[in-house]
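Here's input05.cif, which has mmCIF, C-alpha atoms:
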data_data
loop_
_atom_site.label_atom_id
_atom_site.label_comp_id
_atom_site.auth_asym_id
_atom_site.auth_seq_id
_atom_site.Cartn_x
_atom_site.Cartn_y
_atom_site.Cartn_z
CA MET A 2 44.03 20.79 8.09
CA LYS A 3 43.16 17.10 8.10
CA PRO A 4 41.85 16.09 4.68
CA ASP A 5 38.16 15.25 4.46
CA LYS A 6 37.83 11.49 4.04
CA LYS A 7 34.69 11.94 1.96
CA GLN A 8 36.51 14.22 -0.46
CA GLN A 9 39.13 11.51 -0.96
CA GLN A 10 36.60 9.11 -2.47
CA TYR A 11 37.44 10.47 -5.91
CA ARG A 12 40.71 11.49 -7.50
CA ILE A 13 40.72 14.91 -9.11
CA ASN A 14 42.97 16.91 -11.39
CA GLU A 15 46.68 16.14 -10.83
CA GLN A 16 45.80 13.11 -8.68
CA ILE A 17 44.77 11.34 -11.89
CA ARG A 18 48.04 9.85 -13.20
CA VAL A 19 46.86 7.49 -15.94
CA ARG A 20 47.89 8.08 -19.55
CA GLU A 21 44.40 8.64 -20.96
CA VAL A 22 40.82 9.01 -19.72
CA ARG A 23 37.29 8.83 -21.09
CA ILE A 24 35.43 12.11 -20.68
CA VAL A 25 31.64 11.79 -20.39
CA GLY A 26 29.16 14.63 -20.63
CA GLU A 27 25.83 15.68 -22.07
CA SER A 28 27.18 15.50 -25.61
CA GLY A 29 28.50 11.96 -25.21
CA SER A 30 31.92 10.53 -24.40
CA SER A 31 35.41 10.61 -25.89
CA VAL A 32 38.83 9.19 -25.04
CA MET A 33 41.75 11.61 -24.81
CA PRO A 34 45.14 12.01 -23.11
CA THR A 35 44.86 12.96 -19.46
CA ARG A 36 46.95 16.08 -20.04
CA GLN A 37 44.53 17.29 -22.69
CA ALA A 38 41.59 16.66 -20.32
CA LEU A 39 43.33 18.70 -17.61
CA ASP A 40 43.82 21.57 -20.01
CA MET A 41 40.12 21.48 -20.93
CA ALA A 42 39.18 21.56 -17.25
CA ARG A 43 41.37 24.64 -16.65
CA GLN A 44 39.93 26.43 -19.68
CA GLN A 45 36.36 25.82 -18.45
CA GLY A 46 37.19 26.70 -14.84
CA VAL A 47 36.16 23.28 -13.51
CA ASP A 48 37.81 20.11 -12.21
CA LEU A 49 38.67 16.82 -13.82
CA VAL A 50 36.90 14.27 -11.57
CA GLU A 51 37.51 10.51 -11.86
CA ILE A 52 34.12 8.83 -11.31
CA SER A 53 34.91 5.27 -12.46
CA PRO A 54 38.58 4.37 -11.81
CA ASN A 55 38.18 0.65 -12.67
CA ALA A 56 37.03 1.29 -16.23
CA ASN A 57 39.52 1.03 -19.10
CA PRO A 58 40.31 3.84 -19.56
CA PRO A 59 39.04 5.47 -16.32
CA VAL A 60 35.89 7.55 -16.74
CA CYS A 61 36.05 11.23 -15.76
CA ARG A 62 33.81 14.27 -15.79
CA LEU A 63 34.55 17.95 -16.24
CA ILE A 64 32.65 19.49 -13.33
CA ASP A 65 33.12 21.67 -10.27
CA TYR A 66 34.18 19.23 -7.57
CA SER A 67 32.10 20.87 -4.82
CA LYS A 68 29.04 20.72 -7.06
CA PHE A 69 29.82 17.08 -7.86
CA LEU A 70 29.97 16.17 -4.15
CA TYR A 71 26.68 18.00 -3.55
CA GLN A 72 24.99 16.06 -6.36
CA GLN A 73 26.29 12.76 -4.96
CA LYS A 74 25.04 13.64 -1.47
CA LYS A 75 21.63 14.69 -2.80
CA ARG A 76 21.30 11.49 -4.84
CA ALA A 77 22.19 9.33 -1.86
CA LYS A 78 19.61 11.15 0.27
CA GLU A 79 16.89 10.61 -2.35
CA MET A 80 17.69 6.91 -2.61
CA LYS A 81 17.56 6.57 1.16
CA ALA A 82 14.19 8.32 1.27
CA LYS A 83 12.80 5.85 -1.31
CA GLN A 84 13.83 2.88 0.77
CA VAL A 85 10.83 1.85 2.87
CA LYS A 86 11.73 0.59 6.29
CA VAL A 87 9.59 -2.47 6.90
CA GLU A 88 8.97 -3.39 10.51
CA VAL A 89 7.45 -6.58 11.89
CA LYS A 90 4.58 -5.89 14.27
CA GLU A 91 3.39 -8.59 16.66
CA ILE A 92 -0.21 -9.43 17.49
CA ARG A 93 -0.77 -11.89 20.34
CA PHE A 94 -3.87 -14.00 20.92
CA GLY A 95 -4.95 -16.51 23.48
CA PRO A 96 -6.60 -19.75 22.32
CA GLN A 97 -9.96 -18.48 23.62
CA THR A 98 -9.78 -14.78 22.69
CA ASP A 99 -13.18 -13.09 22.97
CA GLU A 100 -14.78 -11.23 20.08
CA HIS A 101 -14.16 -7.74 21.46
CA ASP A 102 -10.44 -8.37 21.92
CA TYR A 103 -10.27 -10.01 18.49
CA GLN A 104 -11.81 -6.98 16.74
CA PHE A 105 -9.51 -4.62 18.65
CA LYS A 106 -6.40 -6.50 17.50
CA LEU A 107 -7.77 -6.91 13.99
CA LYS A 108 -8.06 -3.11 13.73
CA HIS A 109 -4.45 -2.59 14.80
CA ALA A 110 -3.18 -5.27 12.42
CA ARG A 111 -5.02 -3.59 9.54
CA GLU A 112 -3.35 -0.27 10.39
CA PHE A 113 0.08 -1.93 10.54
CA LEU A 114 -0.37 -3.49 7.09
CA GLU A 115 -1.72 -0.29 5.55
CA GLU A 116 1.42 1.49 6.81
CA GLY A 117 3.56 -1.05 4.96
CA ASN A 118 4.63 -3.14 7.94
CA LYS A 119 4.55 -6.91 8.25
CA VAL A 120 2.46 -8.62 10.91
CA ARG A 121 3.41 -11.68 12.93
CA ALA A 122 0.31 -12.96 14.70
CA TYR A 123 0.55 -15.82 17.14
CA VAL A 124 -1.54 -17.76 19.61
CA PHE A 125 0.18 -18.50 22.90
CA PHE A 126 -0.76 -21.77 24.57
CA ARG A 127 -0.18 -21.81 28.31
CA GLY A 128 -0.23 -25.08 30.23
CA ARG A 129 -3.03 -27.41 29.23
CA SER A 130 -4.40 -24.88 26.72
CA ILE A 131 -2.18 -26.62 24.14
CA LEU A 132 -5.13 -29.01 23.82
CA PHE A 133 -6.90 -26.17 21.97
CA LYS A 134 -4.28 -25.88 19.21
CA GLU A 135 -6.90 -26.58 16.52
CA GLN A 136 -8.96 -23.71 17.92
CA GLY A 137 -5.89 -21.49 17.70
CA GLU A 138 -5.33 -22.45 14.07
CA VAL A 139 -8.93 -21.61 13.20
CA LEU A 140 -8.50 -18.23 14.89
CA LEU A 141 -5.38 -17.40 12.85
CA LEU A 142 -7.00 -18.49 9.59
CA ARG A 143 -9.99 -16.26 10.33
CA PHE A 144 -7.54 -13.45 11.10
CA ALA A 145 -5.83 -13.88 7.72
CA ASN A 146 -9.17 -14.00 5.90
CA ASP A 147 -10.41 -10.80 7.56
CA LEU A 148 -7.22 -9.02 6.47
CA GLU A 149 -7.03 -10.29 2.89
CA GLU A 150 -7.85 -6.80 1.55
CA VAL A 151 -4.60 -5.36 2.87
CA GLY A 152 -2.37 -8.36 3.64
CA LYS A 153 -1.20 -11.59 2.04
CA VAL A 154 -0.18 -14.73 3.89
CA GLU A 155 3.55 -15.38 3.85
CA SER A 156 3.41 -18.44 6.06
CA MET A 157 0.43 -20.55 7.09
CA PRO A 158 -0.16 -21.19 10.81
CA SER A 159 2.60 -23.37 12.25
CA LEU A 160 3.23 -24.52 15.80
CA GLU A 161 6.61 -23.67 17.30
CA GLY A 162 6.84 -24.81 20.90
CA LYS A 163 3.93 -23.21 22.76
CA LYS A 164 3.22 -20.65 20.04
CA MET A 165 1.42 -20.94 16.73
CA PHE A 166 2.58 -18.29 14.23
CA LEU A 167 1.03 -16.68 11.18
CA TYR A 168 2.99 -14.23 9.01
CA LEU A 169 1.31 -11.54 6.90
CA ALA A 170 2.91 -9.08 4.47
CA PRO A 171 1.31 -5.87 3.16
CA LYS A 172 -0.22 -5.94 -0.28
CA LYS A 173 0.83 -3.41 -2.87
CA ALA A 174 -1.40 -0.39 -3.30
CA GLY A 175 -4.20 -0.87 -5.81
CA VAL A 176 -4.12 -4.67 -5.88
CA ALA A 177 -5.94 -5.39 -2.65
CA LYS A 178 -8.79 -7.83 -3.15
CA LYS A 179 -11.95 -7.22 -1.16
CA SER A 180 -13.23 -10.08 0.94
CA GLN A 181 -16.73 -11.43 0.57
CA GLN A 182 -17.53 -10.01 4.00
CA ALA A 183 -16.48 -6.52 2.86
CA ARG A 184 -18.47 -6.81 -0.38
CA ASP A 185 -21.59 -7.90 1.54
CA ARG A 186 -21.15 -5.01 3.94
CA GLU A 187 -20.81 -2.48 1.12
CA ALA A 188 -23.86 -3.90 -0.65
CA SER A 189 -25.88 -3.63 2.56
CA GLU A 190 -24.78 -0.03 3.08
CA ALA A 191 -25.66 0.87 -0.52
CA GLU A 192 -29.11 -0.68 -0.14
CA THR A 193 -29.72 1.26 3.07
CA LYS A 194 -28.72 4.53 1.39
CA GLU A 195 -30.99 3.79 -1.58
CA ASN A 196 -33.94 3.11 0.70
CA TYR A 197 -33.26 6.32 2.55
CA ARG A 198 -33.34 8.33 -0.70
CA GLN A 199 -36.79 6.99 -1.67
CA PRO A 200 -39.90 8.95 -0.49
CA LYS A 201 -41.30 7.63 2.74
CA GLU A 202 -44.91 7.83 1.42
CA ALA A 203 -45.73 7.20 -2.20
CA THR A 204 -49.22 7.11 -3.69
CA PRO A 205 -49.44 4.18 -6.12
CA GLU A 206 -51.14 4.62 -9.44
CA ILE A 207 -54.25 2.45 -9.67
CA ASP A 208 -55.27 1.10 -13.03
CA VAL A 209 -59.01 1.00 -13.73
CA ASP A 210 -58.48 -2.47 -15.09
CA MET A 211 -57.20 -3.67 -11.69
CA PRO A 212 -59.13 -6.71 -10.49
CA ALA A 213 -61.64 -6.42 -7.67
CA ASN A 214 -59.19 -7.81 -5.11
CA GLY A 215 -56.89 -4.77 -5.64
CA GLY A 216 -58.09 -3.17 -2.41
CA LEU A 217 -60.78 -0.71 -1.27
CA PHE A 218 -59.13 2.20 -3.04
CA ALA A 219 -59.12 0.33 -6.35
CA ASN A 220 -62.76 -0.63 -5.98
CA ALA A 221 -63.71 2.95 -5.18
CA LYS A 222 -61.97 4.26 -8.30
CA ILE A 223 -63.59 1.61 -10.47
CA SER A 224 -67.04 2.51 -9.07
CA ALA A 225 -66.44 6.20 -9.78
CA GLU A 226 -65.48 5.46 -13.38
CA ALA A 227 -68.58 3.26 -13.81
CA LEU A 228 -70.86 5.99 -12.38
CA LYS A 229 -69.35 8.59 -14.70
CA LYS A 230 -69.87 6.34 -17.74
CA LEU A 231 -73.50 5.65 -16.68
CA THR A 232 -74.19 9.39 -16.42
CA GLU A 233 -72.71 10.06 -19.86
CA ASP A 234 -74.85 7.30 -21.39
CA ALA A 235 -78.02 8.73 -19.79
CA GLY A 236 -77.22 12.18 -21.21
CA GLU A 237 -76.85 10.81 -24.70
CA GLU A 238 -80.28 9.19 -24.48
#
Hey, can you dump this file as structure tokens for me?
Amino acid sequence: MKPDKKQQQYRINEQIRVREVRIVGESGSSVMPTRQALDMARQQGVDLVEISPNANPPVCRLIDYSKFLYQQKKRAKEMKAKQVKVEVKEIRFGPQTDEHDYQFKLKHAREFLEEGNKVRAYVFFRGRSILFKEQGEVLLLRFANDLEEVGKVESMPSLEGKKMFLYLAPKKAGVAKKSQQARDREASEAETKENYRQPKEATPEIDVDMPANGGLFANAKISAEALKKLTEDAGEE
């Protein structure tokens, strides 16, 4: 049977021909003759696996070789899973993009950044539209400002041929700064909710000391109080 190339990554047992090795384990490490390490491996029913051949002396472990390969494979898989694959998504504008199209592309760019991808936005100038390059720059700067909660500018707008590019990178979770536009929107929504919670009709309390220009209701209450006081005074007499 053809030997497994992966299993040849490490020397084991009799393949280790150096004079002495360093054995590492949970209890620490110790240097001993290779023959003694091989005897220990046989007594424990495991293998002597060389994990660091370039060390002086080479570092080995006493472990079942199949289990060792499984642990290495599992560790490599976990490290690969932790590596985030960052893609660069493109958003294209014209120098005179209308508001509806702008909002549509802004929404997609926000989603791309929230997913951890980078965004390369550019304005394409066709023919004489290059005369509107300042307008294109303003558009890209507005785009960056509207996305400042989720993205940071890596490169300011720059003209390359007939295209003006803007590069945005995703912000880390928990450090996104809200734009003034977002804060104003949230404040407006909170005010609307507060107004909705308040009773639609509330009867104000009228103080008897309210001046005469407090309205008909205030005058009526004041007159009633005066009439009551006049009646009480007449009774006392």
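Taking atom CA of Lys68 of chain A as the reference point, atom CA of Arg36 of chain A is found at 22.6 Å.
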Proximity check segment 39-108 of chain A to segment 9-33 of chain A, 12 Å, nearest pairs one decimal Å, only C-alpha atoms, as a Markdown table:
| residue | atom | partner | partner_atom | distance |
| --- | --- | --- | --- | --- |
| A:Leu39 | CA | A:Asn14 | CA | 6.5 |
| A:Asp40 | CA | A:Asn14 | CA | 9.8 |
| A:Met41 | CA | A:Ile24 | CA | 10.5 |
| A:Ala42 | CA | A:Asn14 | CA | 8.4 |
| A:Arg43 | CA | A:Asn14 | CA | 9.5 |
| A:Gly46 | CA | A:Asn14 | CA | 11.9 |
| A:Val47 | CA | A:Asn14 | CA | 9.6 |
| A:Asp48 | CA | A:Asn14 | CA | 6.1 |
| A:Leu49 | CA | A:Asn14 | CA | 4.9 |
| A:Val50 | CA | A:Ile13 | CA | 4.6 |
| A:Glu51 | CA | A:Arg12 | CA | 5.5 |
| A:Ile52 | CA | A:Tyr11 | CA | 6.5 |
| A:Ser53 | CA | A:Tyr11 | CA | 8.7 |
| A:Pro54 | CA | A:Tyr11 | CA | 8.6 |
| A:Asn55 | CA | A:Val22 | CA | 11.2 |
| A:Ala56 | CA | A:Arg23 | CA | 9.0 |
| A:Asn57 | CA | A:Val22 | CA | 8.1 |
| A:Pro58 | CA | A:Val22 | CA | 5.2 |
| A:Pro59 | CA | A:Val22 | CA | 5.2 |
| A:Val60 | CA | A:Arg23 | CA | 4.7 |
| A:Cys61 | CA | A:Ile24 | CA | 5.0 |
| A:Arg62 | CA | A:Ile24 | CA | 5.6 |
| A:Leu63 | CA | A:Ile24 | CA | 7.4 |
| A:Ile64 | CA | A:Gly26 | CA | 9.4 |
| A:Asp65 | CA | A:Ile13 | CA | 10.2 |
| A:Tyr66 | CA | A:Ile13 | CA | 8.0 |
| A:Ser67 | CA | A:Ile13 | CA | 11.3 |
| A:Phe69 | CA | A:Tyr11 | CA | 10.3 |
| A:Leu70 | CA | A:Tyr11 | CA | 9.6 |
| A:Gln73 | CA | A:Gln10 | CA | 11.2 |
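Checking A:Leu142, A:Phe133, A:Ser156, A:Glu88 one by one against Phe113 of chain A, counting only C-alpha atoms, you find the shortest gap at A:Glu88.
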Resolved residues for the PyMOL selection byres ((chain A and resi 124) around 7) as a PyMOL selection string: chain A and resi 93-96+123+125-126+137+164-166
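Closest approach to Lys163 of chain A from the set A:Lys90, A:Lys108, A:Glu115, A:Gly128 is made by A:Gly128, with distances taken over all atoms listed in the file.
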Residues selected by the PyMOL selection byres ((chain A and resi 144-146) around 9), written as a list in words: Tyr103, Leu107, Ala122, Val139, Leu140, Leu141, Leu142, Arg143, Asp147, Leu148, Glu149, Glu150, Gly152, Lys153, Val154, Leu167, Tyr168, Leu169 and Ser180 of chain A
